[in-house]
Amino acid sequence: MIERASMQYTTSIKKMMSWQKEMKALGLTIGFVPTMGFLHEGHLKLIEEAKKSSDCVAVSIFVNPTQFGPGEDFEAYPRRLDADIRLATEAGADIVFCPEVKEMYPVDGGIRIVPGKLAKKMCGASRPGHFDGVLKVVLKLVNIVQPDTVFFGMKDAQQLAIIETFFRDFNCPATIVRVPTVRDEDGLAKSSRNVNLSTDEREDAPIIFETLKHAEVLVQEGVTKEAVEKFVSDTLDNKTSGKVDYVSLLTYPDLEAPTETSNDLIIACAVQFTKARLIDNIIFKREG
């Protein structure tokens with residue numbers, strides 16, 4: 001473990017594993033918050049929730065290259081490691097794990113994780129291979145940190161559904177804790193990518209959540225799936241400068257087309273602005 005201005009962090013897998021073994025030898029529980037850095041209030045909420053229910057908290061900061069496709073924003077993804085370590089520590093993290101790419105992926109043995117049908121819709125439809133990379137890094141991080149609980153935000157709802165299914169089907173011993181999306185006062189979901197919005201795009205962006213809330217009302221009124229999705233797509237096309245990637249009304253967490261008896265639903269979308277792709281969703285129960 002390394003100390004910098006009283007902030008503890010390590011870039012070493014070996015040292016991270018040594019820390020978790022030491023904590024477990026003391027009988028302490030570990031809460032884990034995996035992040036890609038550029039921390040905001042949403043990440044800090046995850047750390048806060050982890051602190052409430054765990055004896056000690058580990059936070060990872062790693063921009064994972066395996067979940068970025070060709071032409072995506074890996075190189076442009078915002079990074080500010082020193083500030084992130086400070087924020088994580090102030091929020092209650094006991095250790096921050098921030099490995100280099102060569103530390104996490106020293107060799108490629110060619111073995112792949114295939115996430116299946118859950119990854120073929122929503123974000124996965126336009127980002128082939130994205131969730132393969134997500135599951136790869138999550139498995140590596142969980143094996144390294146060996147947490148009792150792992151905390152994920154609900155903004156990345158498809159990712160969460162896939163990870164929950166992965167943990168269930170492969171008997172991962174850690175428990176996943178869902179944490180509600182943290183939003184700005186105008187409703188925009190907190191995201192590290194928000195910093196890449198222009199002034200005009202930032203003014204448009206809250207329309208995404210407003211439109212999803214209206215869509216939920218339409219679902220409760222009995223409007224069809226197709227009509228609800230068209231309403232969201234048309235509204236975002238007309239009222240923002242972004243390009244709609246997808247709009248999906250599905251069951252949650254199964255991500256199937258809803259039937260008349262489906263109760264747990266998600267209405268989700270992605271909008272591509274000039275330098276930022278924003279996702280958002282509302283998960284709700286259908287009344288009656």
# chains A, B, ... in the order shown; residues from 1 in each chain; ligands from 1
call {"tool": "select_by_dssp", "arguments": {"residues": "range 13-228 of chain A", "states": "strand (DSSP E)", "output": "list of chain:residue names"}}
result
A:Ile30, A:Gly31, A:Phe32, A:Val33, A:Pro34, A:Thr35, A:Cys56, A:Val57, A:Ala58, A:Val59, A:Ser60, A:Ile61, A:Ile95, A:Val96, A:Phe97, A:Thr149, A:Val150, A:Phe151, A:Phe152, A:Gly153, A:Thr175, A:Ile176, A:Val177, A:Arg178, A:Val179
call {"tool": "residues_around", "arguments": {"residues": "range 250-260 of chain A", "least_positions_apart": "6", "cutoff": "10 Å", "atoms": "only C-alpha atoms", "output": "list in words"}}
result
Lys117, Leu118, Ala119, Lys121, Met122, Ala157, Gln158, Leu160, Ala161, Ile162, Glu164, Thr165, Gly222, Thr224, Lys225, Ile266, Ile267, Ala268, Ile283, Phe284, Lys285 and Arg286 of chain A
call {"tool": "atom_distance", "arguments": {"atom1": "CA of Ala83 in chain A", "atom2": "CA of Ala174 in chain A"}}
result
28.6 Å
call {"tool": "closest_residue", "arguments": {"among": "A:Glu221, A:Ala50, A:Gly92, A:Thr211", "to": "Asp234 in chain A", "atoms": "only C-alpha atoms"}}
result
A:Thr211
call {"tool": "closest_residue", "arguments": {"among": "A:Ile144, A:Leu197, A:Ile207, A:Val232", "to": "Gln20 in chain A", "atoms": "only C-alpha atoms"}}
result
A:Ile144
call {"tool": "atom_distance", "arguments": {"atom1": "CA of Gly31 in chain A", "atom2": "CA of Asn194 in chain A"}}
result
26.9 Å
call {"tool": "closest_residue", "arguments": {"among": "A:Asp156, A:Glu203, A:Glu72, A:Glu41", "to": "Ala91 in chain A", "atoms": "only C-alpha atoms"}}
result
A:Glu41
call {"tool": "residues_around", "arguments": {"residues": "range 176-189 of chain A", "least_positions_apart": "5", "cutoff": "7 Å", "atoms": "only C-alpha atoms", "output": "PyMOL selection string"}}
result
chain A and resi 41-42+46+149-155+205-206+209+280
call {"tool": "residues_around", "arguments": {"residues": "range 96-101 of chain A", "least_positions_apart": "2", "cutoff": "9 Å", "atoms": "only C-alpha atoms", "output": "list in words"}}
result
Met7, Gln8, Tyr9, Thr10, Thr11, Ser12, Ile13, Met16, Val57, Ala58, Val59, Ser60, Ile61, Phe62, Val63, Asn64, Pro65, Leu81, Ile85, Ala88, Thr89, Ala93, Asp94, Glu103, Met104, Tyr105 and Pro106 of chain A
call {"tool": "write_last_selection", "arguments": {"atoms": "N, CA and C atoms", "output": "compact mmCIF listing (two decimals), in the first residue's frame"}}
result
# COMPACT_ATOMS: atom_id res chain seq x y z
N MET A 7 -3.47 9.90 1.88
CA MET A 7 -4.48 9.17 1.12
C MET A 7 -3.90 7.83 0.69
N GLN A 8 -4.50 6.73 1.11
CA GLN A 8 -3.96 5.42 0.83
C GLN A 8 -4.48 4.86 -0.48
N TYR A 9 -3.57 4.36 -1.30
CA TYR A 9 -3.97 3.73 -2.54
C TYR A 9 -2.89 2.76 -2.98
N THR A 10 -3.24 1.88 -3.89
CA THR A 10 -2.25 0.97 -4.45
C THR A 10 -2.55 0.73 -5.92
N THR A 11 -1.50 0.55 -6.68
CA THR A 11 -1.63 0.21 -8.09
C THR A 11 -1.37 -1.28 -8.32
N SER A 12 -1.05 -2.00 -7.25
CA SER A 12 -0.60 -3.38 -7.34
C SER A 12 -1.69 -4.37 -6.99
N ILE A 13 -1.93 -5.34 -7.87
CA ILE A 13 -2.87 -6.42 -7.56
C ILE A 13 -2.41 -7.18 -6.32
N MET A 16 -3.15 -5.18 -3.27
CA MET A 16 -4.60 -5.13 -3.03
C MET A 16 -5.08 -6.44 -2.41
N VAL A 57 -14.09 -0.28 3.31
CA VAL A 57 -14.55 -0.04 1.94
C VAL A 57 -13.35 0.08 1.01
N ALA A 58 -13.42 -0.68 -0.09
CA ALA A 58 -12.43 -0.59 -1.15
C ALA A 58 -13.08 0.05 -2.38
N VAL A 59 -12.39 0.95 -3.01
CA VAL A 59 -12.84 1.60 -4.24
C VAL A 59 -11.81 1.35 -5.32
N SER A 60 -12.25 0.93 -6.50
CA SER A 60 -11.32 0.80 -7.61
C SER A 60 -11.54 1.94 -8.60
N ILE A 61 -10.46 2.41 -9.19
CA ILE A 61 -10.49 3.41 -10.24
C ILE A 61 -9.71 2.83 -11.41
N PHE A 62 -10.43 2.45 -12.46
CA PHE A 62 -9.78 1.81 -13.59
C PHE A 62 -10.63 2.02 -14.83
N VAL A 63 -10.10 2.76 -15.80
CA VAL A 63 -10.78 2.95 -17.08
C VAL A 63 -10.48 1.70 -17.91
N ASN A 64 -11.47 0.84 -18.03
CA ASN A 64 -11.28 -0.49 -18.57
C ASN A 64 -11.33 -0.50 -20.10
N PRO A 65 -10.20 -0.75 -20.76
CA PRO A 65 -10.19 -0.67 -22.23
C PRO A 65 -11.01 -1.75 -22.92
N LEU A 81 -6.87 11.37 -11.48
CA LEU A 81 -6.61 10.37 -10.46
C LEU A 81 -6.39 10.97 -9.07
N ILE A 85 -8.72 10.08 -5.82
CA ILE A 85 -8.25 9.43 -4.59
C ILE A 85 -8.65 10.24 -3.37
N ALA A 88 -12.51 9.93 -2.86
CA ALA A 88 -12.87 8.60 -2.36
C ALA A 88 -12.50 8.45 -0.90
N THR A 89 -11.33 8.95 -0.55
CA THR A 89 -10.88 8.85 0.84
C THR A 89 -11.75 9.68 1.77
N ALA A 93 -13.58 5.76 1.87
CA ALA A 93 -12.85 4.59 1.38
C ALA A 93 -11.62 4.34 2.25
N ASP A 94 -11.36 3.07 2.54
CA ASP A 94 -10.18 2.69 3.31
C ASP A 94 -8.98 2.42 2.42
N GLU A 103 -1.09 -3.83 -15.67
CA GLU A 103 -1.21 -4.61 -14.44
C GLU A 103 -2.44 -5.51 -14.48
N MET A 104 -3.54 -4.98 -15.02
CA MET A 104 -4.78 -5.76 -15.10
C MET A 104 -4.75 -6.76 -16.25
N TYR A 105 -4.11 -6.39 -17.35
CA TYR A 105 -4.10 -7.26 -18.54
C TYR A 105 -2.67 -7.46 -19.05
N PRO A 106 -1.84 -8.16 -18.28
CA PRO A 106 -0.46 -8.36 -18.71
C PRO A 106 -0.32 -9.26 -19.93
